[in-house]
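Trainee: So here's input-v3.cif, just mmCIF, C-alpha atoms:
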```cif
data_run
#
loop_
_atom_site.label_atom_id
_atom_site.label_comp_id
_atom_site.auth_asym_id
_atom_site.auth_seq_id
_atom_site.Cartn_x
_atom_site.Cartn_y
_atom_site.Cartn_z
CA MET A 27 -44.71 9.63 61.82
CA ILE A 28 -44.23 11.51 58.58
CA ASN A 29 -47.26 12.19 56.42
CA VAL A 30 -46.64 10.32 53.15
CA ILE A 31 -49.06 10.23 50.24
CA LYS A 32 -48.43 7.81 47.38
CA LYS A 33 -50.35 9.11 44.40
CA ASN A 34 -51.06 6.62 41.63
CA ASN A 35 -53.18 7.07 38.53
CA ALA A 36 -53.37 5.85 34.97
CA THR A 37 -50.59 8.09 33.74
CA GLY A 38 -48.08 8.45 36.56
CA SER A 39 -47.21 8.14 40.22
CA TYR A 40 -45.31 10.15 42.81
CA GLU A 41 -44.67 10.32 46.53
CA LEU A 42 -45.55 13.40 48.55
CA PHE A 43 -43.96 13.94 51.97
CA LYS A 44 -45.28 16.65 54.26
CA ILE A 45 -42.23 17.59 56.31
CA GLU A 46 -43.98 20.30 58.32
CA GLU A 47 -46.43 23.12 57.71
CA GLY A 48 -45.38 24.92 54.54
CA LEU A 49 -42.69 22.43 53.50
CA PHE A 50 -43.17 19.45 51.19
CA ILE A 51 -41.00 17.05 49.20
CA LEU A 52 -42.27 15.33 46.06
CA LYS A 53 -40.39 12.66 44.14
CA SER A 54 -40.92 10.22 41.31
CA LEU A 55 -38.77 7.69 39.48
CA ASN A 56 -40.10 6.89 36.04
CA ASN A 57 -38.20 3.79 34.98
CA GLN A 58 -40.82 2.86 32.40
CA LYS A 59 -40.93 3.33 28.62
CA ASP A 60 -43.88 5.73 28.72
CA ASN A 61 -44.30 9.31 29.90
CA HIS A 62 -45.58 9.86 33.43
CA ILE A 63 -47.93 12.82 33.87
CA ILE A 64 -48.08 14.42 37.31
CA GLU A 65 -50.73 17.02 38.16
CA LYS A 66 -51.10 18.82 41.49
CA LYS A 67 -52.66 22.08 42.62
CA ILE A 68 -50.12 24.53 44.07
CA ASN A 69 -51.22 28.02 45.04
CA LYS A 70 -49.36 31.30 44.74
CA ASP A 71 -48.18 31.26 48.36
CA PHE A 72 -45.60 28.59 47.51
CA ILE A 73 -42.21 28.62 45.81
CA GLN A 74 -41.33 25.55 43.74
CA PHE A 75 -37.83 24.10 43.45
CA HIS A 76 -37.72 21.33 40.83
CA PHE A 77 -34.72 19.05 40.23
CA CYS A 78 -34.21 16.66 37.33
CA THR A 79 -31.55 14.15 38.39
CA LYS A 80 -31.92 11.90 35.36
CA GLY A 81 -33.55 12.14 31.93
CA ASN A 82 -35.87 14.97 30.93
CA LEU A 83 -38.97 16.77 32.26
CA ASP A 84 -41.52 19.09 30.65
CA PHE A 85 -43.51 21.63 32.68
CA LEU A 86 -46.80 22.63 31.02
CA PHE A 87 -48.71 25.85 31.66
CA ASN A 88 -52.00 27.33 30.40
CA GLN A 89 -53.46 23.94 29.44
CA GLY A 90 -50.28 23.01 27.60
CA LYS A 91 -50.00 26.21 25.56
CA TYR A 92 -46.66 27.06 27.18
CA GLN A 93 -43.88 24.64 28.06
CA ILE A 94 -40.56 24.67 29.92
CA GLY A 95 -38.20 21.73 29.45
CA LEU A 96 -35.77 20.64 32.15
CA LYS A 97 -32.81 18.41 31.34
CA GLU A 98 -30.76 16.03 33.44
CA GLU A 99 -28.80 17.60 36.32
CA ARG A 100 -30.66 20.91 35.98
CA ASN A 101 -33.01 22.62 38.44
CA LEU A 102 -35.85 25.09 38.00
CA LEU A 103 -37.24 27.65 40.44
CA LEU A 104 -40.86 28.75 39.87
CA TYR A 105 -42.60 31.53 41.78
CA ASN A 106 -45.49 33.78 40.79
CA PRO A 107 -47.01 35.84 43.62
CA LYS A 108 -49.86 37.05 41.37
CA GLN A 109 -51.43 33.74 40.36
CA ASP A 110 -51.43 30.04 41.24
CA LEU A 111 -48.90 27.80 39.48
CA PRO A 112 -50.45 24.32 39.42
CA LEU A 113 -48.00 21.54 38.68
CA HIS A 114 -48.54 19.86 35.30
CA LEU A 115 -45.43 17.80 34.74
CA VAL A 116 -44.49 15.29 32.05
CA ILE A 117 -41.75 12.96 33.27
CA LYS A 118 -40.11 11.36 30.25
CA PRO A 119 -39.12 7.66 30.19
CA ASN A 120 -36.16 6.75 32.43
CA SER A 121 -36.29 10.08 34.26
CA TRP A 122 -36.10 10.96 37.96
CA TRP A 123 -37.53 14.05 39.64
CA VAL A 124 -37.45 15.67 43.08
CA SER A 125 -39.24 18.87 44.12
CA LEU A 126 -39.24 21.06 47.19
CA ILE A 127 -42.46 23.02 47.64
CA VAL A 128 -41.96 25.76 50.23
CA SER A 129 -44.30 28.50 51.37
CA ILE A 130 -42.96 32.05 51.21
CA LYS A 131 -43.80 32.29 54.92
CA LYS A 132 -41.60 29.29 55.69
CA LEU A 133 -38.70 30.70 53.67
CA HIS A 134 -38.96 33.97 55.56
CA GLU A 135 -38.78 32.02 58.83
CA LEU A 136 -35.68 30.17 57.66
CA PHE A 137 -33.86 33.14 56.12
CA SER A 138 -35.17 36.12 58.08
CA ASP A 139 -31.66 37.39 58.81
CA GLU A 140 -30.59 36.99 55.18
CA ALA A 141 -33.71 38.32 53.44
CA ASN A 142 -31.70 40.86 51.47
CA TYR A 143 -29.52 38.06 50.07
CA ILE A 144 -32.51 36.28 48.48
CA ASP A 145 -34.22 38.51 45.92
CA PHE A 146 -37.82 37.35 46.30
CA LEU A 147 -37.70 37.63 50.09
CA THR A 148 -37.11 41.39 50.01
CA ASP A 149 -40.08 43.75 50.31
CA GLU A 150 -39.44 45.41 46.95
CA LYS A 151 -39.32 42.06 45.12
CA ARG A 152 -42.34 40.39 46.74
CA ASN A 153 -44.47 40.87 43.63
CA THR A 154 -41.82 39.74 41.15
CA LYS A 155 -42.18 36.52 39.16
CA TYR A 156 -39.23 34.11 39.09
CA TYR A 157 -38.42 31.43 36.52
CA LYS A 158 -34.76 30.55 37.07
CA GLU A 159 -32.85 27.53 35.79
CA HIS A 160 -29.45 26.40 37.07
CA ASP A 161 -27.15 23.38 37.05
CA VAL A 162 -27.47 20.84 39.84
CA SER A 163 -24.14 21.06 41.69
CA PRO A 164 -22.31 17.84 42.67
CA SER A 165 -23.11 18.40 46.36
CA MET A 166 -26.79 18.92 45.53
CA ALA A 167 -26.72 15.74 43.42
CA VAL A 168 -25.58 13.80 46.48
CA VAL A 169 -28.52 15.06 48.56
CA LEU A 170 -31.01 14.41 45.76
CA SER A 171 -29.72 10.86 45.36
CA GLN A 172 -30.18 10.31 49.09
CA VAL A 173 -33.76 11.63 48.93
CA LEU A 174 -34.57 9.35 46.01
CA ASN A 175 -33.03 6.22 47.49
CA PHE A 176 -33.29 6.39 51.28
CA ASN A 177 -34.33 3.24 53.17
CA LEU A 178 -35.04 4.12 56.80
CA HIS A 179 -37.29 3.08 59.64
CA PRO A 180 -40.56 5.08 59.51
CA SER A 181 -39.84 6.61 62.92
CA VAL A 182 -36.84 8.56 61.59
CA LYS A 183 -38.03 9.41 58.05
CA LYS A 184 -39.43 12.80 59.04
CA LEU A 185 -36.22 13.90 60.75
CA TYR A 186 -34.10 12.62 57.86
CA LEU A 187 -36.16 14.31 55.13
CA LYS A 188 -36.38 17.55 57.08
CA ALA A 189 -32.59 17.61 57.32
CA LYS A 190 -32.26 16.87 53.59
CA ALA A 191 -34.79 19.57 52.67
CA PHE A 192 -32.89 22.17 54.70
CA GLU A 193 -29.56 20.96 53.30
CA LEU A 194 -30.88 21.23 49.75
CA LEU A 195 -32.16 24.77 50.34
CA SER A 196 -28.81 25.77 51.86
CA LEU A 197 -26.90 24.39 48.89
CA TYR A 198 -29.30 26.02 46.42
CA PHE A 199 -28.85 29.50 47.85
CA ASN A 200 -25.11 28.96 48.25
CA MET A 201 -24.64 28.20 44.55
CA PRO A 202 -22.52 31.30 43.74
CA ALA A 203 -19.87 30.05 46.19
CA GLU A 204 -20.21 26.46 45.03
CA THR A 205 -18.03 26.86 41.98
CA ASN A 206 -14.76 26.66 43.97
CA ILE A 207 -15.64 23.45 45.80
CA GLU A 208 -12.47 23.85 47.85
CA GLN A 209 -13.48 21.05 50.21
CA CYS A 210 -13.16 18.52 47.40
CA PRO A 211 -10.38 19.16 44.86
CA PHE A 212 -11.53 16.14 42.86
CA LEU A 213 -14.90 17.76 42.10
CA ALA A 214 -13.23 21.00 41.03
CA ASP A 215 -12.26 19.17 37.84
CA GLU A 216 -15.36 19.18 35.59
CA GLU A 217 -13.86 16.47 33.40
CA ASN A 218 -13.65 14.13 36.40
CA VAL A 219 -17.26 14.85 37.30
CA ARG A 220 -18.27 14.10 33.71
CA LYS A 221 -16.44 10.78 33.86
CA ILE A 222 -18.14 9.85 37.12
CA SER A 223 -21.51 10.66 35.56
CA GLN A 224 -20.53 8.47 32.61
CA ALA A 225 -19.71 5.64 35.04
CA LYS A 226 -23.18 5.95 36.57
CA GLU A 227 -24.83 5.65 33.14
CA ILE A 228 -22.69 2.61 32.25
CA ILE A 229 -23.66 0.63 35.35
CA ILE A 230 -27.33 1.57 34.94
CA ASN A 231 -27.38 0.50 31.29
CA GLN A 232 -25.57 -2.74 32.16
CA MET A 233 -27.20 -3.37 35.53
CA ALA A 234 -28.04 -7.02 34.76
CA GLU A 235 -24.35 -7.74 34.09
CA PRO A 236 -22.34 -4.77 35.40
CA PRO A 237 -18.61 -4.44 34.72
CA SER A 238 -16.05 -4.90 37.48
CA LEU A 239 -14.75 -1.78 39.15
CA GLN A 240 -11.45 -2.06 37.29
CA GLU A 241 -13.24 -2.51 33.95
CA LEU A 242 -15.41 0.50 34.73
CA ALA A 243 -12.38 2.61 35.70
CA ASP A 244 -10.62 1.64 32.47
CA GLU A 245 -13.69 2.49 30.36
CA ILE A 246 -14.02 6.02 31.76
CA ASP A 247 -10.23 6.53 31.88
CA LEU A 248 -9.90 7.12 35.62
CA SER A 249 -7.79 5.33 38.18
CA LEU A 250 -9.62 2.84 40.38
CA LYS A 251 -8.94 5.03 43.42
CA LYS A 252 -10.40 8.14 41.76
CA LEU A 253 -13.43 6.20 40.58
CA LYS A 254 -14.21 4.97 44.09
CA GLU A 255 -13.59 8.31 45.79
CA GLY A 256 -15.30 10.40 43.12
CA PHE A 257 -18.40 8.23 42.87
CA LYS A 258 -18.86 8.34 46.63
CA GLU A 259 -18.43 12.12 46.63
CA VAL A 260 -20.89 12.77 43.78
CA TYR A 261 -23.57 10.19 44.53
CA GLY A 262 -23.13 9.60 48.24
CA ASP A 263 -22.59 5.84 47.94
CA THR A 264 -20.22 3.23 46.56
CA VAL A 265 -20.61 2.20 42.92
CA TYR A 266 -22.28 -1.09 43.74
CA GLY A 267 -24.24 0.38 46.66
CA PHE A 268 -25.73 2.94 44.29
CA LEU A 269 -26.40 0.24 41.69
CA LEU A 270 -28.16 -2.00 44.21
CA ASP A 271 -30.49 0.84 45.25
CA TYR A 272 -31.18 1.65 41.61
CA LYS A 273 -31.93 -2.00 40.78
CA MET A 274 -34.35 -2.33 43.68
CA GLU A 275 -36.18 0.87 42.75
CA TYR A 276 -36.35 -0.29 39.13
CA ALA A 277 -37.63 -3.69 40.24
CA ARG A 278 -40.29 -2.03 42.40
CA LYS A 279 -41.57 -0.03 39.44
CA LEU A 280 -41.66 -3.16 37.25
CA LEU A 281 -43.71 -4.95 39.90
CA GLU A 282 -46.07 -1.99 40.14
CA SER A 283 -46.66 -2.08 36.39
CA GLY A 284 -48.22 -5.55 36.68
CA ASP A 285 -46.60 -6.61 33.41
CA TYR A 286 -44.02 -8.98 34.92
CA ASN A 287 -43.95 -11.74 37.52
CA VAL A 288 -41.36 -11.93 40.30
CA ASN A 289 -39.00 -14.23 38.38
CA GLU A 290 -39.07 -12.00 35.28
CA VAL A 291 -38.34 -8.88 37.31
CA GLY A 292 -35.45 -10.61 39.08
CA LEU A 293 -33.91 -11.60 35.75
CA GLN A 294 -34.25 -8.07 34.36
CA VAL A 295 -32.25 -6.61 37.23
CA GLY A 296 -29.57 -9.30 37.14
CA TYR A 297 -30.58 -12.09 39.53
CA SER A 298 -30.30 -15.58 38.05
CA THR A 299 -32.27 -17.11 40.92
CA SER A 300 -35.52 -15.72 42.34
CA SER A 301 -34.44 -16.50 45.92
CA HIS A 302 -31.51 -14.08 45.69
CA PHE A 303 -33.75 -11.38 44.22
CA ILE A 304 -36.40 -11.89 46.91
CA ALA A 305 -33.77 -11.64 49.66
CA ALA A 306 -32.34 -8.40 48.21
CA PHE A 307 -35.81 -6.88 47.75
CA LYS A 308 -36.82 -7.77 51.30
CA LYS A 309 -33.64 -6.26 52.71
CA LYS A 310 -34.32 -3.01 50.83
CA PHE A 311 -38.08 -2.65 51.39
CA ASN A 312 -38.72 -4.90 54.41
CA THR A 313 -41.24 -6.96 52.44
CA THR A 314 -41.16 -9.63 49.75
CA PRO A 315 -41.98 -8.84 46.10
CA LYS A 316 -45.13 -10.97 46.31
CA LYS A 317 -46.41 -9.17 49.41
CA TYR A 318 -45.54 -5.84 47.82
CA ILE A 319 -47.69 -6.69 44.78
CA GLN A 320 -50.52 -7.77 47.07
CA SER A 321 -50.35 -4.47 48.98
CA ILE A 322 -50.59 -2.50 45.73
CA ASN A 323 -53.61 -4.51 44.56
CA LEU A 324 -55.25 -4.08 47.97
CA PHE A 325 -55.23 -0.29 47.77
CA SER A 326 -55.65 0.18 44.02
#
```
Written as structure tokens, that's how I'd like the structure from this file.
Mentor:
Amino acid sequence: MINVIKKNNATGSYELFKIEEGLFILKSLNNQKDNHIIEKKINKDFIQFHFCTKGNLDFLFNQGKYQIGLKEERNLLLYNPKQDLPLHLVIKPNSWWVSLIVSIKKLHELFSDEANYIDFLTDEKRNTKYYKEHDVSPSMAVVLSQVLNFNLHPSVKKLYLKAKAFELLSLYFNMPAETNIEQCPFLADEENVRKISQAKEIIINQMAEPPSLQELADEIDLSLKKLKEGFKEVYGDTVYGFLLDYKMEYARKLLESGDYNVNEVGLQVGYSTSSHFIAAFKKKFNTTPKKYIQSINLFS
């Protein structure tokens, strides 16, 4: 079984997955109207890969005296071999975040034959600080979406997340070659990728009453075929499959807030009858909304 820690406090919550020694995944979906503040000790033996898939993040250092902002579809690498870099993160409203925390020892094990390719793995660069920001590539966005929205039996979670962590690292260090994207001509067109991203925002903003696929295609000025194929390529799921996962995650956060009952949450995510919402929630999380609320109260 994978070691999963769900951290909840007055200001924010996140999930921490220990994949194996020296390799961790953290994630949080802030679908609320307030900032979430995440704090965690991370020592200098670890390299931090942070990904903002939606919204905005702020990284605070030196008790808030120094700040780095991270926007949607951007990633940030942090590494300082001379001092600890504790995580002090402000997740803005309607923002999603994924991080890979990897020990330098683990990276050396993974890339021992390619150490010269990765600057901070070489002997002469061991004591160099790194603060690098890049775009999240479309292929990385697919993996990040899968990490944020997976729904698997506990017995296979560890294997799945380990594979996704390694895939994400591979894509990160392959970024210089990513720009061609020869395997997918559709994604080579930045305008098409922008339109697909626009489609995602439209269905999220209208999740209670989403447009039809044809209406959505017309609004972003793409053919229906390109919408379907492009959305699957960028986000790893169909339009409505992605939307269903988003709605269930949003509903889960609303239930956790304690500000809404089951019927109210169902209405907010587009279910006119509570029975349909309960069935969809149970299919996604293998428990009913009521039992989910009870489990939160039991351990809070």
Trainee: In terms of the shortest atom-to-atom distance over all atoms listed in the file, which of A:Leu96, A:Ala234, A:Gln109, A:Cys78 is closest to A:Ser298?
Mentor: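 Looking at the shortest contact to A:Ser298, the residue is A:Ala234.
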Trainee: Taking (-44.7, 31.7, 53.4) in the coordinates of the supplied file, I want to know which residues reach to within 7 Å of it, counting all atoms listed in the file; could you give the answer as a ChimeraX atom specification?
Mentor: /A:48,71-72,129-134
Trainee: Separation of atom CA of A:Leu136 and atom CA of A:Glu99, in Å?
Mentor: 25.7 Å
Trainee: So which residues touch stretch 163-172 of chain A within 8 Å, counting all atoms listed in the file, skipping near sequence neighbours fewer than 2 positions away, as a ChimeraX atom specification?
Mentor: /A:79,99,124,161,174-176,190,193-194,197-198,201,204,213,219,259-262
Trainee: Do you have the atom CA of A:Lys254-atom CA of A:Gly267 distance handy?
Mentor: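 Between atom CA of A:Lys254 and atom CA of A:Gly267 the gap works out to 11.3 Å.
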Trainee: Between A:Lys158, A:Leu195, A:Leu52, A:Asn106, which residue has the minimum interatomic distance to A:Ile94, considering only C-alpha atoms?
Mentor: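 Smallest separation from A:Ile94 among the options: A:Lys158.
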Trainee: Please report the interatomic distance between atom CA of A:Thr299 and atom CA of A:Leu178 in Å with one decimal.
Mentor: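 If I compute the distance from atom CA of A:Thr299 to atom CA of A:Leu178, I get 26.7 Å.
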